[in-house]
>>> print(open('coords20.txt').read())   # compact mmCIF, C-alpha atoms
# COMPACT_ATOMS: atom_id res chain seq x y z
CA MET A 67 -4.09 20.48 49.82
CA LYS A 68 -4.31 16.86 50.89
CA PHE A 69 -0.72 17.16 52.10
CA PHE A 70 -1.39 20.13 54.36
CA LYS A 71 -2.29 17.89 57.27
CA TYR A 72 1.13 16.22 57.11
CA ILE A 73 2.90 19.58 57.06
CA PHE A 74 0.84 20.67 60.04
CA THR A 75 1.62 17.47 61.98
CA GLY A 76 5.28 17.95 61.09
CA VAL A 77 5.19 21.51 62.43
CA VAL A 78 3.80 20.24 65.74
CA PHE A 79 6.55 17.58 65.77
CA GLY A 80 9.21 20.23 65.14
CA ILE A 81 7.90 22.43 67.92
CA VAL A 82 7.69 19.57 70.42
CA MET A 83 11.25 18.43 69.57
CA ALA A 84 12.48 21.98 70.21
CA LYS A 85 10.39 22.86 73.24
CA SER A 86 10.87 19.47 74.91
CA GLU A 87 14.60 19.88 74.25
CA ALA A 88 14.61 16.34 72.81
CA MET A 89 16.51 17.75 69.83
CA SER A 90 19.23 19.06 72.12
CA TRP A 91 22.76 17.68 71.71
CA TYR A 92 23.34 18.50 75.40
CA ARG A 93 20.21 16.60 76.49
CA ILE A 94 21.30 13.51 74.54
CA GLN A 95 24.69 13.64 76.26
CA GLU A 96 22.96 13.99 79.63
CA MET A 97 20.84 10.94 78.77
CA PHE A 98 23.80 8.75 77.81
CA ARG A 99 25.56 9.84 81.00
CA PHE A 100 22.47 9.02 83.12
CA GLN A 101 22.64 12.49 84.65
CA SER A 102 19.01 13.49 84.29
CA PHE A 103 15.60 11.91 84.05
CA HIS A 104 14.47 14.37 81.36
CA MET A 105 14.89 12.29 78.17
CA TYR A 106 13.83 9.07 79.89
CA GLY A 107 10.69 10.89 81.04
CA ILE A 108 9.90 12.02 77.49
CA ILE A 109 10.46 8.65 75.84
CA GLY A 110 8.82 6.81 78.75
CA THR A 111 5.68 8.95 78.68
CA ALA A 112 5.44 8.71 74.88
CA VAL A 113 5.73 4.91 74.98
CA PHE A 114 3.35 4.59 77.96
CA CYS A 115 0.68 6.65 76.18
CA GLY A 116 1.49 4.91 72.89
CA VAL A 117 1.01 1.41 74.29
CA ILE A 118 -2.40 2.33 75.74
CA ALA A 119 -3.43 4.09 72.52
CA VAL A 120 -2.42 1.19 70.27
CA PHE A 121 -4.17 -1.28 72.58
CA LEU A 122 -7.38 0.77 72.44
CA ILE A 123 -7.15 1.33 68.67
CA LYS A 124 -6.93 -2.44 68.17
CA LYS A 125 -9.63 -3.21 70.72
CA VAL A 126 -12.17 -0.69 69.37
CA GLU A 127 -11.07 -1.36 65.77
CA VAL A 128 -10.66 2.31 64.97
CA LYS A 129 -10.94 3.28 61.30
CA ASP A 130 -8.57 5.73 59.67
CA LEU A 131 -9.56 8.79 57.56
CA ASN A 132 -10.19 6.59 54.52
CA GLY A 133 -12.48 4.27 56.46
CA GLN A 134 -9.88 1.48 56.55
CA PRO A 135 -9.05 -0.26 59.82
CA VAL A 136 -5.86 1.25 61.31
CA ARG A 137 -2.97 -0.98 60.26
CA PHE A 138 0.08 -1.98 62.25
CA GLN A 139 3.15 -3.52 60.73
CA ASN A 140 4.84 -6.30 62.62
CA LYS A 141 8.62 -6.09 62.42
CA ASP A 142 10.44 -9.12 61.04
CA LYS A 143 12.57 -11.20 63.38
CA ASN A 144 16.04 -10.82 61.87
CA TRP A 145 17.62 -10.09 65.21
CA ARG A 146 21.09 -9.35 63.92
CA LYS A 147 20.12 -6.30 61.97
CA TYR A 148 18.38 -4.76 64.98
CA ILE A 149 21.30 -5.15 67.33
CA ILE A 150 24.08 -4.33 64.82
CA GLY A 151 22.17 -1.60 62.98
CA GLY A 152 20.87 -0.23 66.26
CA THR A 153 24.37 -0.02 67.73
CA ILE A 154 25.70 1.80 64.65
CA PHE A 155 22.76 4.19 64.84
CA GLY A 156 23.40 4.78 68.55
CA LEU A 157 27.04 5.71 67.88
CA GLY A 158 25.83 8.38 65.47
CA TRP A 159 22.98 9.51 67.71
CA ALA A 160 25.38 10.27 70.56
CA LEU A 161 27.95 11.96 68.30
CA THR A 162 25.56 14.25 66.44
CA GLY A 163 23.11 14.54 69.35
CA ALA A 164 20.31 14.00 66.88
CA CYS A 165 18.25 11.22 65.40
CA PRO A 166 16.83 11.77 61.90
CA GLY A 167 13.82 13.90 62.94
CA PRO A 168 15.76 16.37 65.08
CA ILE A 169 18.44 16.69 62.38
CA PHE A 170 15.86 18.44 60.19
CA VAL A 171 14.26 20.33 63.07
CA GLY A 172 17.78 21.55 63.86
CA ILE A 173 18.22 22.88 60.32
CA GLY A 174 15.02 24.91 60.70
CA TYR A 175 16.17 26.04 64.14
CA GLY A 176 19.24 27.56 62.53
CA TYR A 177 22.00 25.07 63.35
CA THR A 178 23.95 25.06 60.09
CA GLY A 179 26.00 22.06 61.23
CA MET A 180 22.89 19.93 60.82
CA VAL A 181 23.13 20.44 57.06
CA VAL A 182 26.48 18.62 57.20
CA VAL A 183 24.91 15.88 59.35
CA THR A 184 22.14 15.55 56.72
CA ILE A 185 24.69 15.10 53.94
CA GLY A 186 26.33 12.40 56.09
CA ALA A 187 22.99 10.72 56.84
CA LEU A 188 22.06 10.59 53.15
CA THR A 189 25.51 9.21 52.35
CA GLY A 190 25.15 6.59 55.10
CA THR A 191 21.72 5.58 53.82
CA TYR A 192 23.09 5.32 50.29
CA LEU A 193 26.05 3.22 51.47
CA TYR A 194 23.65 0.88 53.23
CA GLY A 195 21.72 0.42 50.00
CA VAL A 196 24.96 -0.43 48.22
CA VAL A 197 26.31 -2.99 50.69
CA LYS A 198 22.99 -4.28 52.03
CA ASP A 199 23.15 -7.71 50.44
CA LYS A 200 26.60 -8.34 51.90
CA LEU A 201 25.54 -7.63 55.48
CA PRO A 202 24.35 -10.16 58.05
CA HIS A 203 20.58 -9.68 57.91
CA TRP A 204 18.38 -12.13 56.33
CA PHE A 205 18.89 -15.05 58.60
CA ALA A 206 18.23 -15.33 62.29
CA MET B 241 -0.84 34.22 77.54
CA ILE B 242 -0.92 30.82 75.83
CA LEU B 243 2.12 31.91 73.82
CA GLU B 244 3.94 32.72 77.06
CA LEU B 245 3.11 29.23 78.29
CA ILE B 246 4.34 27.61 75.07
CA LYS B 247 7.59 29.61 75.25
CA GLN B 248 8.58 27.96 78.53
CA PRO B 249 10.57 24.73 78.20
CA TRP B 250 7.95 21.97 78.22
CA PRO B 251 8.02 19.45 81.05
CA TRP B 252 8.86 15.91 79.96
CA TYR B 253 5.34 14.54 80.49
CA THR B 254 3.75 17.17 78.21
CA SER B 255 6.31 16.37 75.52
CA GLY B 256 5.81 12.63 75.81
CA ILE B 257 2.04 13.01 75.47
CA VAL B 258 2.39 15.26 72.40
CA ILE B 259 4.81 12.78 70.75
CA ALA B 260 2.32 9.95 71.35
CA LEU B 261 -0.45 12.14 69.88
CA ILE B 262 1.64 12.69 66.74
CA MET B 263 2.03 8.92 66.34
CA ILE B 264 -1.73 8.43 66.85
CA THR B 265 -2.56 11.23 64.38
CA LEU B 266 -0.41 9.63 61.68
CA LEU B 267 -2.05 6.24 62.34
CA PHE B 268 -5.41 7.95 61.92
CA PHE B 269 -4.19 9.32 58.57
CA GLY B 270 -3.41 5.71 57.61
CA LYS B 271 0.36 6.21 57.94
CA SER B 272 3.06 5.05 60.30
CA PHE B 273 5.34 7.36 62.32
CA GLY B 274 8.91 6.71 61.17
CA PHE B 275 11.19 9.53 60.18
CA SER B 276 14.30 7.84 58.80
CA SER B 277 12.40 6.41 55.79
CA ASN B 278 12.66 9.95 54.45
CA LEU B 279 16.39 9.46 53.97
CA SER B 280 15.80 6.51 51.59
CA THR B 281 13.02 8.43 49.89
CA ILE B 282 15.33 11.39 49.24
CA CYS B 283 18.02 9.02 47.87
CA SER B 284 15.41 7.48 45.58
CA MET B 285 14.14 10.92 44.56
CA MET B 286 17.66 11.95 43.61
CA GLY B 287 17.89 8.98 41.26
CA ALA B 288 19.79 6.44 43.40
CA GLY B 289 17.37 3.75 42.18
CA LYS B 290 19.05 3.74 38.77
CA LYS B 291 22.24 2.37 40.30
CA VAL B 292 21.15 0.63 43.50
CA ARG B 293 18.17 -1.68 43.61
CA PHE B 294 17.37 -0.80 47.23
CA PHE B 295 16.32 2.70 46.12
CA ASP B 296 14.37 1.50 43.11
CA PHE B 297 10.87 2.16 44.41
CA ASN B 298 8.15 4.67 43.73
CA TRP B 299 9.17 7.43 46.11
CA LYS B 300 5.97 9.33 45.36
CA ASN B 301 4.13 6.93 47.68
CA GLN B 302 6.24 8.39 50.49
CA GLN B 303 5.52 12.01 49.63
CA TRP B 304 3.39 12.44 52.74
CA ASN B 305 6.45 11.78 54.91
CA LEU B 306 8.48 14.39 53.02
CA PHE B 307 5.74 16.90 53.78
CA PHE B 308 5.99 15.87 57.41
CA LEU B 309 9.75 16.54 57.14
CA ILE B 310 9.13 20.00 55.65
CA GLY B 311 6.75 20.66 58.55
CA ALA B 312 9.46 19.59 61.00
CA VAL B 313 11.89 22.11 59.50
CA ILE B 314 9.23 24.83 59.71
CA GLY B 315 8.49 23.83 63.30
CA GLY B 316 12.17 24.23 64.16
CA TYR B 317 12.21 27.65 62.51
CA LEU B 318 9.08 28.80 64.35
CA SER B 319 10.51 27.58 67.66
CA SER B 320 13.76 29.51 67.37
CA THR B 321 12.06 32.60 65.94
CA PHE B 322 8.95 32.98 68.07
CA LEU B 323 9.06 30.47 70.90
CA VAL B 324 12.44 30.78 72.60
CA SER B 325 12.53 31.24 76.35
CA ASN B 326 15.20 33.51 77.78
CA ALA B 327 16.34 31.02 80.37
CA PRO B 328 19.35 28.84 79.49
CA LEU B 329 18.80 25.09 79.07
CA ASN B 330 18.47 23.48 82.48
CA LEU B 331 21.30 21.00 81.91
CA SER B 332 22.55 18.89 84.80
CA LYS B 333 25.66 20.29 86.53
CA SER B 334 27.54 17.03 86.19
CA THR B 335 26.97 16.96 82.41
CA ILE B 336 28.31 20.51 82.16
CA THR B 337 31.44 19.49 84.11
CA ASP B 338 31.96 16.27 82.13
CA LEU B 339 31.67 18.06 78.79
CA ALA B 340 33.97 20.87 79.91
CA LYS B 341 36.66 18.26 80.58
CA LEU B 342 36.35 17.25 76.92
CA GLY B 343 36.67 20.87 75.85
CA ILE B 344 32.97 21.24 74.98
CA GLN B 345 31.51 24.36 76.57
CA PHE B 346 27.92 24.65 77.72
CA ASP B 347 26.60 27.84 76.13
CA GLY B 348 23.01 27.67 77.38
CA GLY B 349 21.53 26.80 73.96
CA LEU B 350 20.14 23.49 72.74
CA ASN B 351 23.29 22.56 70.82
CA PRO B 352 26.90 23.66 71.37
CA SER B 353 27.64 26.52 68.99
CA GLN B 354 31.24 25.31 68.75
CA LEU B 355 29.96 22.29 66.82
CA PHE B 356 26.84 23.48 65.02
CA ASP B 357 27.20 27.19 64.20
CA PHE B 358 28.02 28.30 60.68
CA LYS B 359 31.39 29.70 61.68
CA SER B 360 32.41 26.42 63.32
CA LEU B 361 32.21 24.73 59.94
CA GLY B 362 35.57 26.24 59.05
CA SER B 363 37.15 23.51 61.19
CA VAL B 364 38.02 20.29 59.38
CA LYS B 365 37.67 18.39 62.63
CA VAL B 366 34.13 19.66 63.22
CA ILE B 367 33.03 18.95 59.64
CA SER B 368 34.55 15.44 59.81
CA LEU B 369 32.84 14.63 63.11
CA LEU B 370 29.45 15.84 61.85
CA LEU B 371 29.78 13.97 58.56
CA PHE B 372 30.96 10.79 60.29
CA GLY B 373 28.13 11.01 62.83
CA GLY B 374 25.61 11.58 60.04
CA ILE B 375 26.88 8.54 58.12
CA LEU B 376 26.46 6.36 61.23
CA VAL B 377 22.92 7.67 61.76
CA GLY B 378 21.94 7.09 58.13
CA PHE B 379 23.59 3.69 57.78
CA GLY B 380 22.48 2.45 61.20
CA SER B 381 18.86 3.53 60.95
CA ARG B 382 18.42 1.81 57.59
CA TYR B 383 20.26 -1.31 58.77
CA ALA B 384 18.08 -1.49 61.88
CA GLY B 385 14.99 -0.71 59.81
CA GLY B 386 14.08 2.44 61.70
CA CYS B 387 15.17 5.15 64.09
CA THR B 388 13.87 6.53 67.35
CA SER B 389 10.42 7.30 65.94
CA GLY B 390 9.96 4.00 64.10
CA HIS B 391 11.37 1.72 66.79
CA ALA B 392 11.33 3.48 70.17
CA ILE B 393 7.94 5.15 69.66
CA SER B 394 5.91 3.27 67.01
CA GLY B 395 7.51 -0.14 67.57
CA LEU B 396 7.50 -0.20 71.37
CA SER B 397 3.94 1.18 71.44
CA ASN B 398 2.95 -1.85 69.37
CA LEU B 399 4.93 -4.13 71.75
CA GLN B 400 7.35 -5.23 69.03
CA LEU B 401 10.22 -7.22 70.50
CA PRO B 402 12.49 -6.45 67.50
CA SER B 403 12.06 -2.74 68.28
CA LEU B 404 13.12 -3.33 71.87
CA VAL B 405 16.27 -5.06 70.58
CA ALA B 406 16.91 -2.09 68.26
CA VAL B 407 16.45 0.37 71.14
CA ILE B 408 18.90 -1.66 73.25
CA GLY B 409 21.28 -1.37 70.28
CA PHE B 410 20.74 2.42 70.21
CA PHE B 411 21.84 2.54 73.83
CA ILE B 412 24.82 0.24 73.40
CA GLY B 413 26.04 2.49 70.57
CA GLY B 414 25.29 5.69 72.47
CA LEU B 415 27.10 4.51 75.59
CA ILE B 416 30.16 3.36 73.61
CA MET B 417 30.33 6.71 71.80
CA THR B 418 29.82 8.80 74.92
CA HIS B 419 32.04 6.94 77.36
CA LEU B 420 34.72 5.31 75.20
CA LEU B 421 34.99 7.30 71.98
CA PHE B 422 34.32 10.88 73.09
CA PRO B 423 37.60 11.07 75.03
CA ILE B 424 39.42 10.03 71.83
CA LEU B 425 37.44 12.11 69.34
CA PHE B 426 37.31 15.37 71.31
>>> encode(input="coords20.txt", output="structure tokens")
Amino acid sequence: MKFFKYIFTGVVFGIVMAKSEAMSWYRIQEMFRFQSFHMYGIIGTAVFCGVIAVFLIKKVEVKDLNGQPVRFQNKDKNWRKYIIGGTIFGLGWALTGACPGPIFVGIGYGYTGMVVVTIGALTGTYLYGVVKDKLPHWFA
Amino acid sequence: MILELIKQPWPWYTSGIVIALIMITLLFFGKSFGFSSNLSTICSMMGAGKKVRFFDFNWKNQQWNLFFLIGAVIGGYLSSTFLVSNAPLNLSKSTITDLAKLGIQFDGGLNPSQLFDFKSLGSVKVISLLLFGGILVGFGSRYAGGCTSGHAISGLSNLQLPSLVAVIGFFIGGLIMTHLLFPILF
């Protein structure tokens, strides 16, 4: 049952994506058209609280469940992959109205189309794995 | 009474706080909030590692995230089954007008049924758009090393400059799709 806590956290995530409407295709369109504050409010609040939380966790040296200090991974500095990969991701985010989390929340919600998006997302991930070494990445 | 409260659409600040709490909870479990890793894990689980080195890792170490994914699906199911409010989505009037010009109707739900309902999948155009969009999401998130959860939430919370660059990329892509490509695709 050690995995139950992850399922439970996932359930909370699914509910917040649905009830906050962050999983909504329409809300994502509204965001990219700058026609409402809604999504900016959600992301902004999450990041604001997140920054304070991470600062405090580091400052107080919080331990995790296993008694280890909470770890943070620093991202590498291969700028190209962030801007190119990010832009490709953004094209898909606006078209499907969903980033990876909400794709799966959407399946549970009953949007059958999200199954097709999932097949695409797995295909895209696989394609990346295939061509990865040919892409501009590993140099700054 | 609490259920009635949960059924209402949540204001943005409540949602933002809950999302931050999810990130903090996973940190406390010794994990890092990042959803798109699941896509690689599933590829690896399906045996992609035999052909492509990138997927040749022990996916069992990522099992916790797959359980999180299963939870997310259940959360979506619970929301549409027990937690729907009767009021239509409070979408901005100008978005409704803009989308109508593209032939996309606002039906009051979270997603347009003309794109995401089972019966819409009879259209080759709809299937192609969803597949193409999915491929971009999958390819882009792995290329950028993360998606909205990994970069916009976890990364920015940890003041990672690379994550800020990725998020700027997300917006460049989203703006190009919405403003330049939507009029062509729809």
>>> residues_around(input="coords20.txt", residues="Leu369 in chain B", least_positions_apart="2", cutoff="10 Å", atoms="all atoms listed in the file", output="PyMOL selection string")
(chain A and resi 158+161-162+182-183+186) or (chain B and resi 355+364-367+371-375+425-426)
>>> residues_near_point(input="coords20.txt", point="(12.7, 20.9, 73.8)", cutoff="9 Å", atoms="only C-alpha atoms", output="PyMOL selection string")
(chain A and resi 81-90) or (chain B and resi 249-252+255+350)
>>> atom_distance(input="coords20.txt", atom1="CA of Phe308 in chain B", atom2="CA of Ile73 in chain A")
4.8 Å
>>> residues_near_point(input="coords20.txt", point="(17.5, 17.3, 63.4)", cutoff="12 Å", atoms="all atoms listed in the file", output="PyMOL selection string")
(chain A and resi 79-81+83-84+87-91+159+162-184+187) or (chain B and resi 275-276+309-310+312-317+350-351+356+374+377)
>>> residues_around(input="coords20.txt", residues="Trp299 in chain B", least_positions_apart="2", cutoff="9 Å", atoms="all atoms listed in the file", output="PyMOL selection string")
chain B and resi 280-282+284-285+295-297+301-303
>>> atom_distance(input="coords20.txt", atom1="CA of Met241 in chain B", atom2="CA of Thr254 in chain B")
17.7 Å
>>> atom_distance(input="coords20.txt", atom1="CA of Tyr72 in chain A", atom2="CA of Val136 in chain A")
17.0 Å
>>> residues_around(input="coords20.txt", residues="Ile109 in chain A", least_positions_apart="5", cutoff="8 Å", atoms="only C-alpha atoms", output="PyMOL selection string")
chain B and resi 256+392-393
>>> closest_atom_pairs(input="coords20.txt", of="range 89-173 of chain A", to="range 407-413 of chain B", cutoff="9 Å", atoms="all atoms listed in the file", output="CSV")
residue,atom,partner,partner_atom,distance
A:Phe98,CA,B:Phe411,CA,7.6
A:Tyr148,CA,B:Gly409,CA,6.9
A:Ile149,CA,B:Gly409,CA,4.8
A:Ile150,CA,B:Gly409,CA,6.8
A:Gly151,CA,B:Gly409,CA,7.4
A:Gly152,CA,B:Gly409,CA,4.2
A:Thr153,CA,B:Gly413,CA,4.1
A:Ile154,CA,B:Gly413,CA,6.0
A:Phe155,CA,B:Phe410,CA,6.0
A:Gly156,CA,B:Phe410,CA,3.9
A:Leu157,CA,B:Gly413,CA,4.3
A:Gly158,CA,B:Gly413,CA,7.8
A:Trp159,CA,B:Phe410,CA,7.8
A:Ala160,CA,B:Gly413,CA,7.8
>>> axis_aligned_box(input="coords20.txt", around="range 293-300 of chain B", padding_each_side="8 Å", output="AutoDock Vina command-line options")
--center_x 12.1 --center_y 3.8 --center_z 45.2 --size_x 28.2 --size_y 27.0 --size_z 20.1
>>> closest_residue(input="coords20.txt", among="B:Gly349, B:Lys359, B:Gly343, B:Gln354", to="Leu331 in chain B", atoms="only C-alpha atoms")
B:Gly349
>>> residues_around(input="coords20.txt", residues="range 111-118 of chain A", least_positions_apart="5", cutoff="6 Å", atoms="only C-alpha atoms", output="list in words")
Tyr253, Gly256, Ile257, Ile259, Ala260, Ile393 and Ser397 of chain B
>>> write_last_selection(input="coords20.txt", atoms="C-alpha atoms", output="PDB file, in the coordinates of the input")
ATOM      1  CA  TYR B 253       5.340  14.540  80.490  1.00  0.00           C
ATOM      2  CA  GLY B 256       5.810  12.630  75.810  1.00  0.00           C
ATOM      3  CA  ILE B 257       2.040  13.010  75.470  1.00  0.00           C
ATOM      4  CA  ILE B 259       4.810  12.780  70.750  1.00  0.00           C
ATOM      5  CA  ALA B 260       2.320   9.950  71.350  1.00  0.00           C
ATOM      6  CA  ILE B 393       7.940   5.150  69.660  1.00  0.00           C
ATOM      7  CA  SER B 397       3.940   1.180  71.440  1.00  0.00           C
TER       8      SER B 397
END
>>> closest_residue(input="coords20.txt", among="B:Lys247, B:Ser403, B:Phe358, B:Phe294", to="Val197 in chain A", atoms="all atoms listed in the file")
B:Phe294
>>> closest_residue(input="coords20.txt", among="B:Phe322, B:Lys341, B:Ser272, B:Gly311", to="chain A", atoms="all atoms listed in the file")
B:Gly311
